[in-house]
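As structure tokens, the structure follows; a few thoughts come after it.
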Amino acid sequence: MLSIDIKIEYQGFMLQTCQTVLASGVTALFGRSGSGKSTLLRVISGLEARAKGRVAWGDEVWQDDSHFTPPHKRGIGFVFQDTRLFPHLTVARNLAYADKRARGLPGASLDDIVDALDLGPLMARNPATLSGGEQSRCAIGRALLTRPRMLLMDEPLAALDATRKAEILPYLERLRDQIGTPILYVSHNMAEVTRLANHLMLIDAGRITHSGPLSALLADPAAAPALGPQEAGAVITATLTAHEADGLSRLQTATAPLFLPHIDAPLGSRQRIRILAQDVILAREAPTGLSALNILPAVVSQISSDGDAAVMVQLRAGNDLILARVTRRSAAALGLCAGMACFAIVKSVSVAPAHIGPDHNATHQ
């Protein structure tokens with residue numbers, strides 16, 4: 001367990017937080033640009049000596065009023081926004097550099113990392129000949145080969161376009177599920193966060209405002225304002241049961257089937273799906289004659305204000321929680337109240353491919 005109780009001030013900005021970070025799985029730190037995400041990573045890694053307070057890994061104190069452990073003795077791996085690979089070394093020699101420095105420490109082997117990130121075909125190449133996604137995979141592999149206690153990733157995909165991000169996300173999911181090194185992942189891209197994380201911290205103006213299991217936090221109406229109306233939305237899980245002839249994939253949720261554009265995954269696999277609150281329509285009775293294919297029976301759990309004209313409605317559909325953002329007028333017309341049965345309607349094409357990925361909650365809780 002990583003524990004942080006720090007304060008740092010500079011140039012009119014103050015970061016102050018008292019927080020613990022799990023020593024397992026992926027914890028995402030999400031916030032807008034300038035909210036303090038990168039500064040917090042620098043404090044944890046020992047790159048911000050101006051920070052006051054206490055940082056500890058379990059019983060091992062890295063920083064307090066009388067002690068400061070330098071970065072190279074903390075056992076932290078760091079992946080920056082730019083890859084910082086050695087340009088004069090091949091991929092193999094970049095990896096070997098880290099592997100040699102960490103020899104004898106517990107952790108994944110060189111072969112494990114090369115396999116998980118599919119680096120074999122790249123080993124003889126120099127960084128300048130690699131694509132952005134390939135450079136990112138190499139940088140992540142090199143950081144993991146230092147056998148870190150925790151890996152800090154500071155928006156590692158920020159410089160990549162959507163196509164390259166889509167290519168690398170499955171590798172990060174594989175690392176999460178196979179390698180086991182705890183990761184603190186910084187991003188302002190909620191699609192990445194919902195694909196990778198099992199725990200979420202929201203940061204705003206230098207303070208952690210919300211923290212908890214990802215699925216529960218994203219389904220909490222109280223956290224929605226911190227995300228904004230365009231990003232608010234919950235994550236549900238479903239089992240992939242069929243690939244239909246018309247190009248749709250059928251998934252079974254806790255209460256009803258869900259039809260989405262083709263998902264490239266094996267039948268029987270568990271998938272997590274992010275459904276934006278703005279893409280959910282509510283009905284008191286099961287509708288007919290709609291083009292929308294997905295009609296999920298649900299029960300209203302709570303209703304919270306979301307600005308002058310809108311409300312955020314939390315729905316329970318079996319074990320899943322769903323958020324819907326509707327106008328106050330619509331909520332009043334439907335007579336929405338806690339405990340009321342209703343139906344959540346979701347268009348198949350409203351769920352983007354980037355919002356679908358393998359579920360790993362059973363492994364990392």
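By order in the structure tokens, chains are A, B, ...; within a chain, residues start at 1; ligands start at 1, following the order shown.
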Show me, as number ranges by chain, the residues that have an atom within 10 Å of stretch 270-272 of chain A when counting only C-alpha atoms, minus same-chain residues fewer than 4 positions from it.
A: 194-195, 215, 235-241, 251-253, 263, 265-266, 355-362
Create the file for the chosen residues now, containing N, CA and C atoms and written as a short mmCIF file (atom, residue, chain, number, x, y, z; two decimals), in the first residue's frame.
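Final output, saved to out33.cif:
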```
data_model
loop_
_atom_site.label_atom_id
_atom_site.label_comp_id
_atom_site.auth_asym_id
_atom_site.auth_seq_id
_atom_site.Cartn_x
_atom_site.Cartn_y
_atom_site.Cartn_z
N THR A 194 -11.48 3.68 -18.30
CA THR A 194 -12.49 2.63 -18.10
C THR A 194 -12.06 1.30 -18.70
N ARG A 195 -11.17 1.34 -19.69
CA ARG A 195 -10.65 0.09 -20.25
C ARG A 195 -9.65 -0.58 -19.31
N SER A 215 -16.12 0.97 -11.06
CA SER A 215 -17.52 0.81 -11.45
C SER A 215 -18.46 1.55 -10.51
N VAL A 235 -20.19 1.92 -16.08
CA VAL A 235 -19.62 0.74 -16.73
C VAL A 235 -20.42 -0.48 -16.28
N ILE A 236 -20.89 -1.27 -17.24
CA ILE A 236 -21.57 -2.51 -16.93
C ILE A 236 -20.76 -3.67 -17.48
N THR A 237 -21.04 -4.87 -17.01
CA THR A 237 -20.35 -6.06 -17.50
C THR A 237 -21.36 -7.00 -18.16
N ALA A 238 -20.88 -7.75 -19.14
CA ALA A 238 -21.75 -8.67 -19.87
C ALA A 238 -20.91 -9.78 -20.46
N THR A 239 -21.56 -10.89 -20.78
CA THR A 239 -20.89 -12.03 -21.40
C THR A 239 -21.18 -12.05 -22.89
N LEU A 240 -20.13 -12.17 -23.69
CA LEU A 240 -20.29 -12.23 -25.14
C LEU A 240 -20.83 -13.62 -25.51
N THR A 241 -22.04 -13.66 -26.09
CA THR A 241 -22.70 -14.95 -26.34
C THR A 241 -22.82 -15.31 -27.81
N LEU A 251 -24.48 -9.72 -26.39
CA LEU A 251 -23.95 -9.90 -25.04
C LEU A 251 -25.11 -10.07 -24.09
N GLN A 252 -24.90 -10.83 -23.04
CA GLN A 252 -25.93 -11.02 -22.04
C GLN A 252 -25.57 -10.22 -20.79
N THR A 253 -26.41 -9.25 -20.48
CA THR A 253 -26.24 -8.49 -19.25
C THR A 253 -27.00 -9.19 -18.13
N ILE A 263 -17.67 -7.23 -31.83
CA ILE A 263 -16.60 -7.20 -30.83
C ILE A 263 -15.64 -8.33 -31.13
N ALA A 265 -13.64 -10.61 -29.93
CA ALA A 265 -13.30 -11.32 -28.69
C ALA A 265 -13.96 -12.69 -28.73
N PRO A 266 -13.43 -13.66 -27.99
CA PRO A 266 -14.00 -15.01 -28.03
C PRO A 266 -15.36 -15.09 -27.34
N HIS A 355 -14.92 2.09 -25.94
CA HIS A 355 -15.58 1.96 -24.64
C HIS A 355 -15.90 0.51 -24.30
N ILE A 356 -15.30 -0.42 -25.03
CA ILE A 356 -15.54 -1.85 -24.80
C ILE A 356 -14.19 -2.54 -24.61
N GLY A 357 -14.08 -3.37 -23.59
CA GLY A 357 -12.84 -4.10 -23.36
C GLY A 357 -13.06 -5.26 -22.42
N PRO A 358 -12.08 -6.15 -22.32
CA PRO A 358 -12.23 -7.31 -21.43
C PRO A 358 -12.37 -6.90 -19.98
N ASP A 359 -13.25 -7.59 -19.27
CA ASP A 359 -13.49 -7.29 -17.86
C ASP A 359 -12.49 -8.06 -17.01
N HIS A 360 -11.93 -7.41 -16.01
CA HIS A 360 -10.94 -8.04 -15.15
C HIS A 360 -11.27 -7.87 -13.68
N ASN A 361 -12.49 -7.45 -13.35
CA ASN A 361 -12.84 -7.21 -11.94
C ASN A 361 -12.71 -8.45 -11.09
N ALA A 362 -12.94 -9.62 -11.68
CA ALA A 362 -12.85 -10.84 -10.89
C ALA A 362 -11.43 -11.11 -10.45
#
```
Would you give me, as a Markdown table, each residue of stretch 160-196 of chain A having an atom within 8 Å of an atom of stretch 95-116 of chain A, along with its shortest atom pair and that distance in Å to one decimal, using only C-alpha atoms and sorting by chain and residue number?
```
| residue | atom | partner | partner_atom | distance |
| --- | --- | --- | --- | --- |
| A:Tyr171 | CA | A:Ala116 | CA | 6.8 |
| A:Arg174 | CA | A:Ala116 | CA | 6.4 |
| A:Leu175 | CA | A:Ala116 | CA | 6.3 |
| A:Gln178 | CA | A:Ala116 | CA | 7.7 |
| A:Ile179 | CA | A:Ala108 | CA | 6.4 |
| A:Thr181 | CA | A:Gly107 | CA | 8.0 |
```
I'd like the neighbourhood of A:Gln81 as an mmCIF file with C-alpha atoms, in the first residue's frame, where a residue qualifies if any of its atoms comes within 12 Å (using only C-alpha atoms), though same-chain residues fewer than 4 positions away should be ignored.
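Wrote it out as around_29.cif, contents follow:
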```
data_model
loop_
_atom_site.group_PDB
_atom_site.id
_atom_site.type_symbol
_atom_site.label_atom_id
_atom_site.label_comp_id
_atom_site.auth_asym_id
_atom_site.auth_seq_id
_atom_site.Cartn_x
_atom_site.Cartn_y
_atom_site.Cartn_z
ATOM 1 C CA SER A 38 1.752 14.831 -13.084
ATOM 2 C CA LEU A 85 14.397 5.716 -25.148
ATOM 3 C CA GLY A 132 4.735 5.951 -31.866
ATOM 4 C CA GLY A 133 2.876 2.913 -30.560
ATOM 5 C CA GLN A 135 8.082 3.231 -29.060
ATOM 6 C CA SER A 136 5.496 3.335 -26.259
ATOM 7 C CA ALA A 139 9.335 2.303 -23.094
ATOM 8 C CA ILE A 140 6.763 0.431 -20.993
ATOM 9 C CA LEU A 152 3.805 5.183 -12.665
ATOM 10 C CA MET A 153 2.446 6.005 -16.124
ATOM 11 C CA ASP A 154 2.035 9.691 -16.957
ATOM 12 C CA GLU A 155 -0.370 9.858 -19.913
ATOM 13 C CA PRO A 156 1.710 7.369 -21.941
ATOM 14 C CA LEU A 157 -0.727 7.443 -24.879
ATOM 15 C CA ALA A 158 -1.255 11.222 -25.019
ATOM 16 C CA ALA A 159 0.986 11.678 -28.070
ATOM 17 C CA LEU A 160 -0.680 8.891 -30.074
ATOM 18 C CA TYR A 185 -2.086 5.456 -14.463
ATOM 19 C CA VAL A 186 -2.554 9.170 -15.125
ATOM 20 C CA SER A 187 -4.909 10.251 -17.888
#
```
Residues within 9 Å of stretch 49-62 of chain A, only C-alpha atoms, excluding chain neighbours under 2 positions, as a list in words
Met1, Leu2, Ser3, Ile4, Asp5, Ile6, Lys7, Ile8, Glu9, Leu15, Ala23, Val43, Ile44, Gly46, Leu47, Asp64, Asp65, His67, Phe68, Thr69, Pro70, Lys73 and Arg74 of chain A
Filtering to N, CA and C atoms, could you give me those residues as a tab-separated table (two decimals), in the first residue's frame?
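Result went into again_32.tsv, see below:
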```tsv
chain	number	residue	atom	x	y	z
A	1	MET	N	0.84	-1.20	0.00
A	1	MET	CA	0.00	0.00	0.00
A	1	MET	C	0.87	1.25	0.00
A	2	LEU	N	0.60	2.13	-0.92
A	2	LEU	CA	1.29	3.42	-0.98
A	2	LEU	C	0.44	4.45	-0.25
A	3	SER	N	1.03	5.15	0.70
A	3	SER	CA	0.31	6.18	1.44
A	3	SER	C	0.97	7.53	1.21
A	4	ILE	N	0.14	8.55	0.99
A	4	ILE	CA	0.61	9.88	0.63
A	4	ILE	C	-0.13	10.89	1.49
A	5	ASP	N	0.62	11.77	2.14
A	5	ASP	CA	0.03	12.89	2.89
A	5	ASP	C	0.96	14.07	2.67
A	6	ILE	N	0.72	14.82	1.59
A	6	ILE	CA	1.69	15.83	1.17
A	6	ILE	C	1.02	17.15	0.81
A	7	LYS	N	1.88	18.16	0.73
A	7	LYS	CA	1.47	19.49	0.29
A	7	LYS	C	2.63	20.12	-0.45
A	8	ILE	N	2.34	20.73	-1.60
A	8	ILE	CA	3.36	21.44	-2.36
A	8	ILE	C	2.72	22.67	-2.99
A	9	GLU	N	3.40	23.80	-2.90
A	9	GLU	CA	2.90	25.05	-3.46
A	9	GLU	C	3.95	25.66	-4.38
A	15	LEU	N	-0.95	21.70	-4.43
A	15	LEU	CA	-1.37	20.30	-4.41
A	15	LEU	C	-1.35	19.83	-2.97
A	23	ALA	N	-1.76	-1.53	-3.72
A	23	ALA	CA	-0.55	-2.15	-4.25
A	23	ALA	C	-0.91	-3.34	-5.14
A	43	VAL	N	5.94	13.70	-7.06
A	43	VAL	CA	6.11	13.61	-5.61
A	43	VAL	C	6.33	12.17	-5.20
A	44	ILE	N	5.50	11.27	-5.70
A	44	ILE	CA	5.60	9.84	-5.33
A	44	ILE	C	6.97	9.28	-5.73
A	46	GLY	N	9.75	10.85	-6.06
A	46	GLY	CA	10.88	11.52	-5.43
A	46	GLY	C	11.50	12.60	-6.30
A	47	LEU	N	10.79	13.02	-7.35
A	47	LEU	CA	11.31	14.05	-8.25
A	47	LEU	C	10.88	15.46	-7.85
A	64	ASP	N	9.57	12.11	4.94
A	64	ASP	CA	8.88	12.80	6.03
A	64	ASP	C	9.72	14.01	6.41
A	65	ASP	N	9.45	14.58	7.56
A	65	ASP	CA	10.14	15.82	7.94
A	65	ASP	C	11.64	15.63	8.14
A	67	HIS	N	13.48	12.77	6.70
A	67	HIS	CA	14.07	11.76	5.82
A	67	HIS	C	13.56	11.94	4.40
A	68	PHE	N	14.45	11.71	3.42
A	68	PHE	CA	14.06	11.76	2.01
A	68	PHE	C	14.82	10.69	1.24
A	69	THR	N	14.10	9.71	0.72
A	69	THR	CA	14.70	8.65	-0.09
A	69	THR	C	14.78	9.13	-1.53
A	70	PRO	N	15.97	9.11	-2.14
A	70	PRO	CA	16.10	9.57	-3.53
A	70	PRO	C	15.35	8.66	-4.49
A	73	LYS	N	16.22	4.89	-5.25
A	73	LYS	CA	16.12	3.91	-4.17
A	73	LYS	C	14.67	3.60	-3.78
A	74	ARG	N	13.72	4.15	-4.49
A	74	ARG	CA	12.31	3.91	-4.15
A	74	ARG	C	11.72	2.69	-4.85
```
Mind listing the strand (DSSP E or B) residues of stretch 153-271 of chain A, per DSSP on the backbone, as a ChimeraX atom specification?
/A:153-154,183-187,199-204,207-213,233-243,248-252,257-261,270-271
Residue neighbourhood A:Pro353, 10 Å, only C-alpha atoms, exclusion window fewer than 3 positions, as a PDB file with N, CA and C atoms, in the first residue's frame:
```pdb
ATOM      1  N   ALA A 166      -5.706   2.633 -30.058  1.00  0.00           N
ATOM      2  CA  ALA A 166      -6.476   1.394 -30.158  1.00  0.00           C
ATOM      3  C   ALA A 166      -5.558   0.189 -30.294  1.00  0.00           C
ATOM      4  N   ALA A 191     -11.994   7.124 -21.699  1.00  0.00           N
ATOM      5  CA  ALA A 191     -12.086   5.853 -22.411  1.00  0.00           C
ATOM      6  C   ALA A 191     -10.925   4.936 -22.027  1.00  0.00           C
ATOM      7  N   LEU A 260     -24.328  -4.924 -29.834  1.00  0.00           N
ATOM      8  CA  LEU A 260     -23.356  -3.892 -30.154  1.00  0.00           C
ATOM      9  C   LEU A 260     -22.649  -4.250 -31.460  1.00  0.00           C
ATOM     10  N   PRO A 261     -22.062  -3.260 -32.154  1.00  0.00           N
ATOM     11  CA  PRO A 261     -21.262  -3.582 -33.333  1.00  0.00           C
ATOM     12  C   PRO A 261     -20.193  -4.615 -32.995  1.00  0.00           C
ATOM     13  N   HIS A 262     -19.776  -5.390 -33.986  1.00  0.00           N
ATOM     14  CA  HIS A 262     -18.938  -6.573 -33.781  1.00  0.00           C
ATOM     15  C   HIS A 262     -17.791  -6.332 -32.796  1.00  0.00           C
ATOM     16  N   ILE A 263     -17.665  -7.232 -31.827  1.00  0.00           N
ATOM     17  CA  ILE A 263     -16.603  -7.196 -30.830  1.00  0.00           C
ATOM     18  C   ILE A 263     -15.635  -8.332 -31.131  1.00  0.00           C
ATOM     19  N   ASP A 264     -14.385  -8.009 -31.364  1.00  0.00           N
ATOM     20  CA  ASP A 264     -13.373  -9.009 -31.709  1.00  0.00           C
ATOM     21  C   ASP A 264     -12.861  -9.669 -30.427  1.00  0.00           C
ATOM     22  N   ILE A 273     -18.463  -2.601 -20.574  1.00  0.00           N
ATOM     23  CA  ILE A 273     -19.003  -1.655 -21.545  1.00  0.00           C
ATOM     24  C   ILE A 273     -19.304  -0.341 -20.847  1.00  0.00           C
ATOM     25  N   ARG A 274     -18.762   0.730 -21.359  1.00  0.00           N
ATOM     26  CA  ARG A 274     -19.041   2.061 -20.823  1.00  0.00           C
ATOM     27  C   ARG A 274     -20.205   2.672 -21.595  1.00  0.00           C
ATOM     28  N   VAL A 349     -25.236   1.767 -31.801  1.00  0.00           N
ATOM     29  CA  VAL A 349     -24.124   2.515 -32.387  1.00  0.00           C
ATOM     30  C   VAL A 349     -23.634   3.644 -31.494  1.00  0.00           C
ATOM     31  N   SER A 350     -24.298   3.895 -30.375  1.00  0.00           N
ATOM     32  CA  SER A 350     -23.842   4.959 -29.474  1.00  0.00           C
ATOM     33  C   SER A 350     -22.682   4.501 -28.605  1.00  0.00           C
ATOM     34  N   ILE A 356     -15.305  -0.421 -25.033  1.00  0.00           N
ATOM     35  CA  ILE A 356     -15.539  -1.850 -24.802  1.00  0.00           C
ATOM     36  C   ILE A 356     -14.190  -2.538 -24.611  1.00  0.00           C
ATOM     37  N   GLY A 357     -14.080  -3.371 -23.591  1.00  0.00           N
ATOM     38  CA  GLY A 357     -12.839  -4.101 -23.359  1.00  0.00           C
ATOM     39  C   GLY A 357     -13.061  -5.260 -22.422  1.00  0.00           C
TER      40      GLY A 357
END
```
Any idea what's packed within 8 Å of A:Arg125, counting only C-alpha atoms, ignoring anything in its chain fewer than 5 positions away? Could you give it as a ChimeraX atom specification?
/A:90-91,130
Please produce a file of those selected residues containing N, CA and C atoms, as a PDB file, in the first residue's frame.
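As a result, part26.pdb now contains:
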```
ATOM      1  N   THR A  90      19.561  -0.268 -29.794  1.00  0.00           N
ATOM      2  CA  THR A  90      18.432  -1.013 -30.334  1.00  0.00           C
ATOM      3  C   THR A  90      17.409  -1.262 -29.233  1.00  0.00           C
ATOM      4  N   VAL A  91      16.237  -1.738 -29.633  1.00  0.00           N
ATOM      5  CA  VAL A  91      15.222  -2.100 -28.647  1.00  0.00           C
ATOM      6  C   VAL A  91      15.787  -3.134 -27.678  1.00  0.00           C
ATOM      7  N   LEU A 130      10.844   3.172 -35.256  1.00  0.00           N
ATOM      8  CA  LEU A 130       9.609   2.642 -34.689  1.00  0.00           C
ATOM      9  C   LEU A 130       8.464   3.640 -34.817  1.00  0.00           C
TER      10      LEU A 130
END
```
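Separating atom CA of A:Met123 from atom CA of A:Asp177 is a distance of 23.5 Å.
The spacing separating atom CA of A:Asp220 from atom CA of A:Glu285 amounts to 24.8 Å.
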For A:Ala143, please output as a PyMOL selection string all residues within 9 Å (counting only C-alpha atoms; exclusion window: fewer than 4 positions along the same chain).
chain A and resi 76-79+95+98+138-139+147-148+151
Atom pair atom CA of A:Gly206 / atom CA of A:Gly31: separation (Å):
9.7 Å
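Of the residues listed (A:Val351, A:Met190, A:Ala28, A:Leu200), A:Val351 shows the shortest atom-to-atom separation from A:Phe259; distances use only C-alpha atoms.
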Pick from A:Ala256, A:Ala324, A:Ala128, A:Ile281: nearest to A:Thr83, with only C-alpha atoms counted?
A:Ala128
Counting only C-alpha atoms, the option among A:Ile183, A:Ala317, A:Leu144, A:Val193 closest to A:Val26
A:Ile183
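Nearest-residue note for A:Asp204: choosing from A:Arg137, A:His72, A:Lys37, A:Arg325, the minimum distance belongs to A:Lys37, counting only C-alpha atoms.
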